[in-house]
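To start, the structure itself, in structure tokens.
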Amino acid sequence: MSKPLLKIEGLGHVYGARRGLFGTSPAFRALTGIDISVARGESFGLVGESGSGKTTLTRNILGLERPSEGHVLFDGHPVIDLGRGGERRLRRRMQIVFQDPQASLDPRMTIHDTIAEALVIHGPDLGIARSGYTRRVLDLLEAVGLGREHLYRHPHEFSGGQRQRINIARALAVEPELLILDEPTSALDVSVQADILNLLQRLQKELGLTYFFISHDLGVIRYTCDRVAVIERGRIVEQGPVAKIFDTPSQDYTRKLMDAIPDPDPDLSPLRRLA
Amino acid sequence: MSQIDTSLPRAGLARSARAEARARAIYRFRQSLLSVIGLAIAVILITVALLAPWLLPYPDDVTGAVNPAVAFQPPSAAHWFGTNSVGQDIMTLVIYGSRISLLSGVTVILLALIIGGALGVIAGWVGGWIDEVIMRITDLLLTIPSLILAMAVAAALGTGIWNMIIAITITWWPTYARLVRAEVAAKKQEQFVIASRVLGVGPMRLIGRHVLPNIVTPVVVKASLDVGFAILLVASLGFVGIGVKPPTPEWGTMLAEARNYMPQYWWTAIFPGTAIFLAVLAFNLLGDGLRDVLDPRTRR
Amino acid sequence: MALLDISDLHLSMRSFEGETPILKGIDLTVERGQIWGVVGETGSGKSLTGLTISRLLPNTTARYTGGQVLFDGKDVLRAGERDMRALRGGRIGMIFQDPTTNLNPSFRIGTQMVDAALHAARDKPAILGLTGRESRRARRRAAWQASVALLESFGLHDAEDRMARFPHEFSGGMRQRVLIAMAMIGQPDLLIADEPTTALDVSVQSQILRLIHRLVEERNIGVMFITHNLGVVAQLCSHVAVMYRGRIVERGPVSKVLKAPEHIYTRALMDAIPTARAQMDTLRGIDWPLRDRIEAEIAATAKEVTA
Amino acid sequence: AQGSKVMVLASAVDIPNFDPHVATGYAPAMLFRNVYDPLVRVSGNPPEIQPGLASEWALSDDGLTYTFTLDPDAVFHDGSSVTAEDVVWSIERILRLQRGNAWMIEGIVEPGATRALDERTVEFTLTKPYAPFLQVMIWMFIVNKDAVEPHLADDDGQAWLMSNIAGSGPFTMGRYQTGNLYQLMRAENDWHPGGGNLDGAIWKITRETSTQRLMVARGEAHMAMDLSAEDMKALDGTDGVDLIYETEYRTFSIKMNTQDGPLQDVNLRRAISYAYDYDAMLAAAGPAELMTGPLPTGILGFDPELEVPRRDIEKAREYLAKSEYAEGGFTLTARYASGYENMRRWALILLESLKELNISLDIQPTAWPDIVSSVARPETAPDFHFIFQTANYADPDNIAYAAYHSSRNGTWQNPTYGNPEVDTLIEQARGEIDAEARAEIYGEFQRAVVADAPDLFGVLEKRKLALRDNVRNFVFTPVAANAVELLPLSLD
Amino acid sequence: MLWYVIRRLLLIIPTLLGLSVIVFAIARLLPGDPVGLAAGPNATPEVIASVAAEFGLDKPIPVQYWNYLTGLLQGDWGVSLFSRRPVAADLAEFVPATLELVIAALLIAVIVGIPLGLLAAIWRDGIFDYLTRTVSLGAIAMPRFFLGLLLQLAFAMALNWLPLSGRFPLIEFPPERITGFYTVDAILIGDWHALGVALQHLALPALALSLSPLATILRMMRASTIEVLQQDYILTERALGIPSWIILFKYTLRNAVSATLTVIGLYVSWLLGGTVLVETIFDWPGIGLYSTQAILGQDFMPVIGVTLVIAMIYLVTSVIVDILQAVLNPKVRLQ
Ligand SMILES: Nc1ncnc2c1ncn2[C@@H]1O[C@H](COP(=O)(O)OP(=O)(O)OP(=O)(O)O)[C@@H](O)[C@H]1O
Ligand SMILES: Nc1ncnc2c1ncn2[C@@H]1O[C@H](COP(=O)(O)OP(=O)(O)OP(=O)(O)O)[C@@H](O)[C@H]1O
Ligand SMILES: [Mg+2]
Ligand SMILES: [Mg+2]
């Protein structure tokens, strides 16, 4: 394995400790000693219960939060304190798709404008002239399975699955190397989820993307990822290849997570066995 | 709840959803008869104010012409609303007064919006101690009843429509600073703003393209309601004797003067009083209707 | 006589665009001791079916355009509000998806439970061990004690103490237990659970499922469990009904339907689930060609039925 | 004190200060006339000087020495008798403080010129003969020296007297609420002979004249002090209400700025004097008469034949043509005390009249204190300055000196006008004792002032009062119009 | 809880301090010459200077402020330029009158507004709802001064049922001062005649003042009741078969009132400002009338005093509202 694309070392994050005029709100430790490295081209999964610190980790990776300790290196460089230009370059290489497809789209902008915004910011770096924006937006839409007729619509005119496709298209517009996916399908119906997961797999294959994939659904992780880390209350309790972790979990916590997933095979029901 | 049947995207998209949203909005607005009435009154009022110079039965009265010989005439064919203590036609004064009220009402709100909005955006976006300072000042100003503050400032500045507008603006901007700050601070955390930030969009563009357009609704609703209340405050100042300069006709001042002639010369009070009432009511109804249209969540 | 017998239920909802048919002929029979899972994609009408049974839809917007819903032989669609109120709580219990919003934030857990118990005991004093002639105070005390006992039996320790607390002091799983306890305190015969575990973590979810399963075992009640998680259905339910756009397209015992789905939509649903055992590229979403085929098959069955 | 004979007087004017040597205005004057005593009183119409604390008095032949003999019965509210020493102390205090009505004797009575000859005799030595001396003495109230002395502090007792009464008048202060009401109660040891049956009176601050009117109509007040012509008309014919219209020496005029701006030009001032619509002014005023020149009608020396400008647009244009501003086309400012309805009307009439000369008017209703401070300097003074002046003593000197003597420049009564010739005339008249000779001088004074056209001579408004008919013995006194003396009044 | 209250009350001090700076700045930096007033009409420049010195107005503004502040700490609120009376004494006189009026108006607004709002929500879209909605919008738009005039016209002039103005009959003595609230004092000393008379005088101004807050509270109550009725927990309660009157008057009411409470708290400031007009019309001897006179005369010590008192009342009210809020709504933690 060559130099990792994303390297997280001893990362810790403490929220709060906000000082008011009278009294302080207590600090909350969301992350402790996270060590993760993600290689170029792989799909790295992160699973954990709600509130275990998954989103906090992504915010640190994106440089939206300043880590309380440790650091995040993207392609060998830190992700904070980059200055205006450095930040823009980083943004081009690293993108995110959020959990809630509706909330991540500006309700007042057309799909064209939403996606083209990425080009407005990064057009020069991408070598796309202003006149080429619409062409490029169309290409992106087609890549995620939408068409010309959707170009000038507003987000509320789409279904959840379509919105998530738009989010993906926007993230892809800057031709990033790393794509962070923070529970991209947990707000969607299973049937739609399947479409999105398939789309993501196709795109990875075509574009050679690196995924940092967050979910609390172990099935999804298993389906999409090569390696996985299990996070519990801000600590990585286990990490390794998907098959290994899922088949021979070494931690009780991981086992508990696995056991709790209801399997659609009625024969495997513990309740029925009990009865 | 406006919810589009997501299971049937093809059918939902057959008709442009935008047109549909507009249809829904108009439907909601029309559903409330009161909003329509409000709109109608407001439109009439604005038309009257704009066309005032051509509508005045006795245009000279506006610039202070007096005619003691016909003082205190009750409503008649010649003077629909009667005449006042110096023989001026009350209808003329009331019509012309609509200009003053609307002009000052709208100007006050615009100025308050600009000042309060700018400070609110700064406070909400930048946060930190700047936010603290701006918000503490607005908190302080908001503890003083606006009427008293406006009276004090207007009295010190002296009479005149612009002084009055300045005085009222001073009392009004904090409410907008608060509203805008809260909205900006909330929108700043919204996922779509963060998504744009992650794309590398700079703060100016974030504010201008993403935050501001999305806070327009509550601001517009408040502003349209507030125009009514600003008109009321203008009239209140006029009523206590701090307002425009004579001979400029102003409803509150007219009412204050008329007070001395109640109940004999009731028409001197009833018409300006009703004019204030209708103007405020119109903007209240309008604001209410707009809220229904623009912000369906809070509907009823 | 079946506990619940829904036949050919049609429901329309009114909005500004006019009336839209939502349920287009639902047939479902729930017996005591059965746990019926109702699955289907979002908007297929699962919740509305559940609400219909307790007649909790606003009659300003909901209109029943056909069919009947017999609960214990009584047609609830034609029952008055007073009769329905007697059924609710005492005969039909309901729990909903979000435990954070379904408890009144301003009142203590105890207050809410006692009110529920007292209401149910008006028709069935026996559930609190009363004869119906006790004083108010005595009834309250009995309701309190019954609530404590029930919560304890649901695995909530120090229930006596917790009764005096407010909802926000509880975790999501605890709140959902409280809600189930409130639904069960009237000892209903039918429990309608509308996605009671969707908002919960998987680990908590399995505890709740276990609790519901236990209730069926112990009290021999009928359950209608609404979910869109086929895994949950497989774990908990004895029977399953698959809904698609206002219709039930397939129903039967879980072991049969999930193992050998007949309807194309059921199969599509099964194919869309990523499981720990699923292989790459085996997932299949429901795309437009597939939908067209589903519609076609539904139309065909409908013709068959009329024929 | 809840006696039935309590008279309620509704007035718009507050009594913020009880110190008779500090406060002025008609409401304080009402208070002082009832709780304090001057050496001589005034009453009747026409006003006549009558004994007050002094039962008799004498003037030396050279007109310079007045001797007053105090009434032996006179006692203060604390029971001590009123002595010559109290009188001397009070006069000296007035001169020390230089406030209130001190200006009336300024330069006439010097500090130390008042002497107690014995327990009951006081002697005043004037610096020069002063015709209206007795008339101003009615405003010099005598304070109980012994009562004030413990509270002198470093402000000559001003703080204490501001809210305490140390007088000998027939009434004393009961409960009061600033800005709301003041209740006078009959003094326990009232020594004044005669008088009516009042147990007390309430001075009720009622800012709206319409409310005053309604109170009288409903019997809630016995007397309303500030009624407008419309109020009077509305009350006409109301059962149980008597309406009083009385002429008094209260002038209204519009002063022009003779030291700054276009109105320095006498021809422009004349042009405006001829352009003003006096008839409209009179019509808007309610019961009133037009003034003929600077002095109120009927006062000593008043010249009914005086030639004063009346509306004559031809003449106005002529004078305008002679002025530096022949074309008009500029804006002048007019300032009046906000809240005075009639002033507002007259300002509108002025605006209308000036249109004839192609001059615009900027009308600025302004708080009275601001007006007072703005007229202190010609540059800040408005072009037109609207004022009412009430003669506090029935002598032409009151108006002539205060309103036309150049030494009073910068005050609200005479911000800018000054003419050495006029000054000389005023001073001459002050020192002249012979009435006819004085009248002669004042005639000359009036002609000189009219020639300078410093004012638009306005109207003498009739004093308008409404009185319940169960009030007995009310007699209007012009120089103390609203400062009603309660002593003689009775209630049925 | 107690600690919280103490802390909140202490927090009022810095707020008032800040406010006094702002008000002082506004009062002193704006044009206008208050000294001219104090010196009186015939004042010479020397007299004006001496008056300025007397009131300390010749000193730099920060020094003036410092003197004011140190005075304030000793209970000295400054002296009115106009009457030269201590502001503190005037306030002691007028504040109870205004508070009595404001509290009466607020009581009317709450006692009438809350039930009507609840009913309008229950009978939503019915005739009653439509009626209250229309009337309340009208009430909000109605200028208080116009309304006051109309009330006077109807109930005092035409019908002659109630006194025209004032707080108590002139020639009678109000009940002995205990709290300064005539009604309360009358009850305390058991003077029922005085109570009746005081209430008669209170009726019209309180009504004129109460109408707008009443309408707002009604609308707010209606909106929040409807909002609450749409909450999930109401559905749960209905599914449990709990009778609708218990749902409405127990479970809904508390939540809806707690939302409305904030509006009520905000209205206190509005009401205190609103007294300016109502007191003028009804000749009610309170701080509204007092401050109007002071403002018109640019007598700034009373204006500052009134402002600080109003702010204090407002701040104390908001503490009370927060406490009530915490009582009604357990999620609000007193921090
Ligand atoms: N801005 C914040 N201030 C304080 N605490 C926070 C903040 N954001 C998150 N937290 C806390 O940090 C913890 C981790 O939150 P995070 O959002 O990272 O969890 P998550 O794993 O993404 O959960 P979920 O699956 O629900 O999205 C939670 O307990 C949360 O309450
Ligand atoms: N009050 C209402 N008025 C009009 N239409 C409604 C109303 N409530 C629900 N609907 C519509 O009825 C249909 C069925 O809704 P329902 O809530 O039963 O779906 P569901 O199967 O429970 O979906 P989910 O899985 O999202 O809960 C949807 O298309 C929805 O838009
Ligand atoms: Mg998260
Ligand atoms: Mg549902």
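In the structure tokens, each chain is lettered A, B, ... as it comes, each chain's residues begin at 1, and ligands are numbered from 1 in order of appearance.
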
key: Expected selection as a ChimeraX atom specification for ligand 4 within 10 Å, only C-alpha atoms and all ligand atoms   = /C:40-51,96-97,194-195,226-228

Please dump the current selection as a short mmCIF file (atom, residue, chain, number, x, y, z; two decimals), in the first residue's frame; keep C-alpha atoms.
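Printed below is selection.cif as written:
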data_model
loop_
_atom_site.label_atom_id
_atom_site.label_comp_id
_atom_site.auth_asym_id
_atom_site.auth_seq_id
_atom_site.Cartn_x
_atom_site.Cartn_y
_atom_site.Cartn_z
CA GLY C 40 -44.30 -1.34 2.09
CA GLU C 41 -42.48 1.69 0.83
CA THR C 42 -43.12 5.11 2.21
CA GLY C 43 -46.50 6.57 1.34
CA SER C 44 -48.09 3.26 0.62
CA GLY C 45 -50.77 3.83 3.24
CA LYS C 46 -49.55 1.78 6.16
CA SER C 47 -50.06 4.43 8.79
CA LEU C 48 -53.45 5.45 7.50
CA THR C 49 -54.62 1.86 7.70
CA GLY C 50 -53.51 1.72 11.31
CA LEU C 51 -55.15 5.01 12.21
CA PHE C 96 -46.22 5.28 17.25
CA GLN C 97 -42.87 5.81 15.69
CA ASP C 194 -46.68 2.04 13.75
CA GLU C 195 -42.94 1.74 13.18
CA ILE C 226 -46.21 -1.51 10.73
CA THR C 227 -42.67 -1.21 9.48
CA HIS C 228 -40.67 -0.97 6.33
#

ask   = If you count only C-alpha atoms, which residues fall within 6 Å of Ala112 in chain B, apart from same-chain ones fewer than 2 positions away, as a list in words?
value =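 Surrounding residues, per the criterion: Val108, Ile109, Leu110, Ile114, Ile115, Gly116, Thr169, Trp172 and Trp173 of chain B.
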
inquiry  = Please identify all residues of chain E having at least one atom at most 9 Å from any atom of chain B, considering only C-alpha atoms, and return them as a PyMOL selection string.
reply    = chain E and resi 15-16+18-19+22-23+26-27+30-33+121+124+134+137-147+149+153+157+222-224+226-227+269-274+276-277+280+288+291-292+295-298+300+303+307-308+310-312+314-315

task = For CA of Phe124 in chain D and CA of Thr67 in chain D, determine how far apart the two atoms are, in Å to one decimal place.
result = 6.4 Å

inquiry  = Should the cut-off be 10 Å, what would the residue list for chain C against chain A look like, counting only C-alpha atoms, as a ChimeraX atom specification?
reply    = /C:40-42,200-207,209-210,213-214,217,228-238,254-259,268-287

Could you write those residues out with C-alpha atoms, as a PDB file, in the first residue's frame?
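File result.pdb, as written:
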ATOM      1  CA  GLY C  40     -44.297  -1.343   2.091  1.00  0.00           C
ATOM      2  CA  GLU C  41     -42.484   1.693   0.828  1.00  0.00           C
ATOM      3  CA  THR C  42     -43.122   5.107   2.206  1.00  0.00           C
ATOM      4  CA  LEU C 200     -34.247   3.629  17.773  1.00  0.00           C
ATOM      5  CA  ASP C 201     -30.788   2.136  17.650  1.00  0.00           C
ATOM      6  CA  VAL C 202     -30.608  -1.447  16.482  1.00  0.00           C
ATOM      7  CA  SER C 203     -29.643  -2.714  19.905  1.00  0.00           C
ATOM      8  CA  VAL C 204     -32.604  -0.997  21.518  1.00  0.00           C
ATOM      9  CA  GLN C 205     -34.796  -2.147  18.685  1.00  0.00           C
ATOM     10  CA  SER C 206     -34.200  -5.775  19.447  1.00  0.00           C
ATOM     11  CA  GLN C 207     -35.170  -5.230  23.084  1.00  0.00           C
ATOM     12  CA  LEU C 209     -39.177  -6.456  19.638  1.00  0.00           C
ATOM     13  CA  ARG C 210     -38.576  -8.935  22.389  1.00  0.00           C
ATOM     14  CA  HIS C 213     -43.182 -10.725  21.376  1.00  0.00           C
ATOM     15  CA  ARG C 214     -43.487 -11.468  25.062  1.00  0.00           C
ATOM     16  CA  GLU C 217     -47.077 -14.852  24.256  1.00  0.00           C
ATOM     17  CA  HIS C 228     -40.674  -0.968   6.330  1.00  0.00           C
ATOM     18  CA  ASN C 229     -37.927  -3.140   7.627  1.00  0.00           C
ATOM     19  CA  LEU C 230     -38.324  -6.658   6.315  1.00  0.00           C
ATOM     20  CA  GLY C 231     -35.695  -7.820   8.756  1.00  0.00           C
ATOM     21  CA  VAL C 232     -37.900  -6.825  11.657  1.00  0.00           C
ATOM     22  CA  VAL C 233     -40.832  -8.611  10.088  1.00  0.00           C
ATOM     23  CA  ALA C 234     -38.804 -11.729   9.673  1.00  0.00           C
ATOM     24  CA  GLN C 235     -37.726 -11.628  13.289  1.00  0.00           C
ATOM     25  CA  LEU C 236     -40.982 -10.801  14.990  1.00  0.00           C
ATOM     26  CA  CYS C 237     -44.033 -11.447  12.900  1.00  0.00           C
ATOM     27  CA  SER C 238     -46.081 -14.510  12.283  1.00  0.00           C
ATOM     28  CA  VAL C 254     -43.959 -14.906   7.205  1.00  0.00           C
ATOM     29  CA  SER C 255     -42.174 -18.132   6.497  1.00  0.00           C
ATOM     30  CA  LYS C 256     -44.062 -18.512   3.277  1.00  0.00           C
ATOM     31  CA  VAL C 257     -44.056 -14.952   1.967  1.00  0.00           C
ATOM     32  CA  LEU C 258     -40.463 -14.114   2.771  1.00  0.00           C
ATOM     33  CA  LYS C 259     -39.048 -17.441   1.749  1.00  0.00           C
ATOM     34  CA  ALA C 268     -38.245  -6.579  -5.518  1.00  0.00           C
ATOM     35  CA  LEU C 269     -38.351  -5.527  -1.905  1.00  0.00           C
ATOM     36  CA  MET C 270     -36.391  -8.565  -0.835  1.00  0.00           C
ATOM     37  CA  ASP C 271     -33.788  -7.950  -3.492  1.00  0.00           C
ATOM     38  CA  ALA C 272     -33.211  -4.413  -2.339  1.00  0.00           C
ATOM     39  CA  ILE C 273     -32.045  -5.316   1.147  1.00  0.00           C
ATOM     40  CA  PRO C 274     -28.313  -5.292   1.685  1.00  0.00           C
ATOM     41  CA  THR C 275     -27.630  -7.969   4.220  1.00  0.00           C
ATOM     42  CA  ALA C 276     -24.509  -9.088   5.890  1.00  0.00           C
ATOM     43  CA  ARG C 277     -24.550 -11.989   3.470  1.00  0.00           C
ATOM     44  CA  ALA C 278     -25.411 -10.073   0.335  1.00  0.00           C
ATOM     45  CA  GLN C 279     -22.881 -10.142  -2.444  1.00  0.00           C
ATOM     46  CA  MET C 280     -21.625  -7.287  -4.553  1.00  0.00           C
ATOM     47  CA  ASP C 281     -23.916  -6.173  -7.354  1.00  0.00           C
ATOM     48  CA  THR C 282     -26.816  -8.297  -6.179  1.00  0.00           C
ATOM     49  CA  LEU C 283     -28.874  -5.435  -4.884  1.00  0.00           C
ATOM     50  CA  ARG C 284     -31.642  -4.277  -7.058  1.00  0.00           C
ATOM     51  CA  GLY C 285     -33.542  -1.027  -6.569  1.00  0.00           C
ATOM     52  CA  ILE C 286     -37.044  -0.439  -7.814  1.00  0.00           C
ATOM     53  CA  ASP C 287     -36.624   1.466 -11.039  1.00  0.00           C
TER      54      ASP C 287
END

message = I need the chain B residues near chain D as a list of chain:residue names; criterion: at most 7 Å, counting only C-alpha atoms.
response =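 Matching residues, ligands excluded from the count: B:Gly64, B:Ala65, B:Val66, B:Pro68, B:Val86, B:Gly158, B:Thr159, B:Gly241, B:Lys245, B:Pro246, B:Pro247, B:Asn260, B:Tyr261.
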
Those same residues - C-alpha atoms - I'd like them written as a PDB file, in the first residue's frame.
ATOM      1  CA  GLY B  64     -52.265  75.463   4.865  1.00  0.00           C
ATOM      2  CA  ALA B  65     -55.010  77.519   3.251  1.00  0.00           C
ATOM      3  CA  VAL B  66     -57.514  78.559   5.891  1.00  0.00           C
ATOM      4  CA  PRO B  68     -62.507  80.402   9.016  1.00  0.00           C
ATOM      5  CA  VAL B  86     -60.007  76.588  10.291  1.00  0.00           C
ATOM      6  CA  GLY B 158     -37.642  68.661  16.807  1.00  0.00           C
ATOM      7  CA  THR B 159     -40.657  68.304  14.582  1.00  0.00           C
ATOM      8  CA  GLY B 241     -47.791  66.474  19.583  1.00  0.00           C
ATOM      9  CA  LYS B 245     -44.663  70.234  10.951  1.00  0.00           C
ATOM     10  CA  PRO B 246     -47.831  72.089  10.163  1.00  0.00           C
ATOM     11  CA  PRO B 247     -49.347  72.641   7.734  1.00  0.00           C
ATOM     12  CA  ASN B 260     -60.937  69.035  21.751  1.00  0.00           C
ATOM     13  CA  TYR B 261     -64.019  69.172  19.608  1.00  0.00           C
TER      14      TYR B 261
END

request  = For Arg238 in chain E, please output as a count of residues only all residues within 9 Å (counting only C-alpha atoms; exclusion window: fewer than 5 positions along the same chain).
outcome  = 8

inquiry  = Taking only C-alpha atoms and all ligand atoms and a cut-off of 10 Å, can you tell me which residues surround ligand 1, written as a VMD selection string?
reply    = (chain A and resid 13 to 18 25 to 31 46 to 60 65 99 182 to 183 186 214 to 216 231 to 234) or (chain B and resid 189) or (chain C and resid 200 to 201)

Near Arg33 in chain D, within 8 Å and counting only C-alpha atoms, which residues show up once chain neighbours fewer than 5 positions away are dropped, as a CSV table (one decimal) with N, CA and C atoms, in the first residue's frame?
chain,number,residue,atom,x,y,z
D,38,PRO,N,-49.7,89.3,50.1
D,38,PRO,CA,-48.8,90.5,49.8
D,38,PRO,C,-49.2,91.6,50.7
D,169,GLY,N,-51.8,83.2,54.3
D,169,GLY,CA,-53.0,83.3,53.5
D,169,GLY,C,-54.2,82.6,54.1
D,483,ALA,N,-55.6,83.5,38.3
D,483,ALA,CA,-55.1,83.3,39.6
D,483,ALA,C,-56.2,83.7,40.6
D,484,VAL,N,-57.2,82.8,40.6
D,484,VAL,CA,-58.5,83.2,41.3
D,484,VAL,C,-58.2,83.3,42.8
D,485,GLU,N,-58.8,84.3,43.4
D,485,GLU,CA,-58.7,84.5,44.8
D,485,GLU,C,-59.9,83.8,45.4
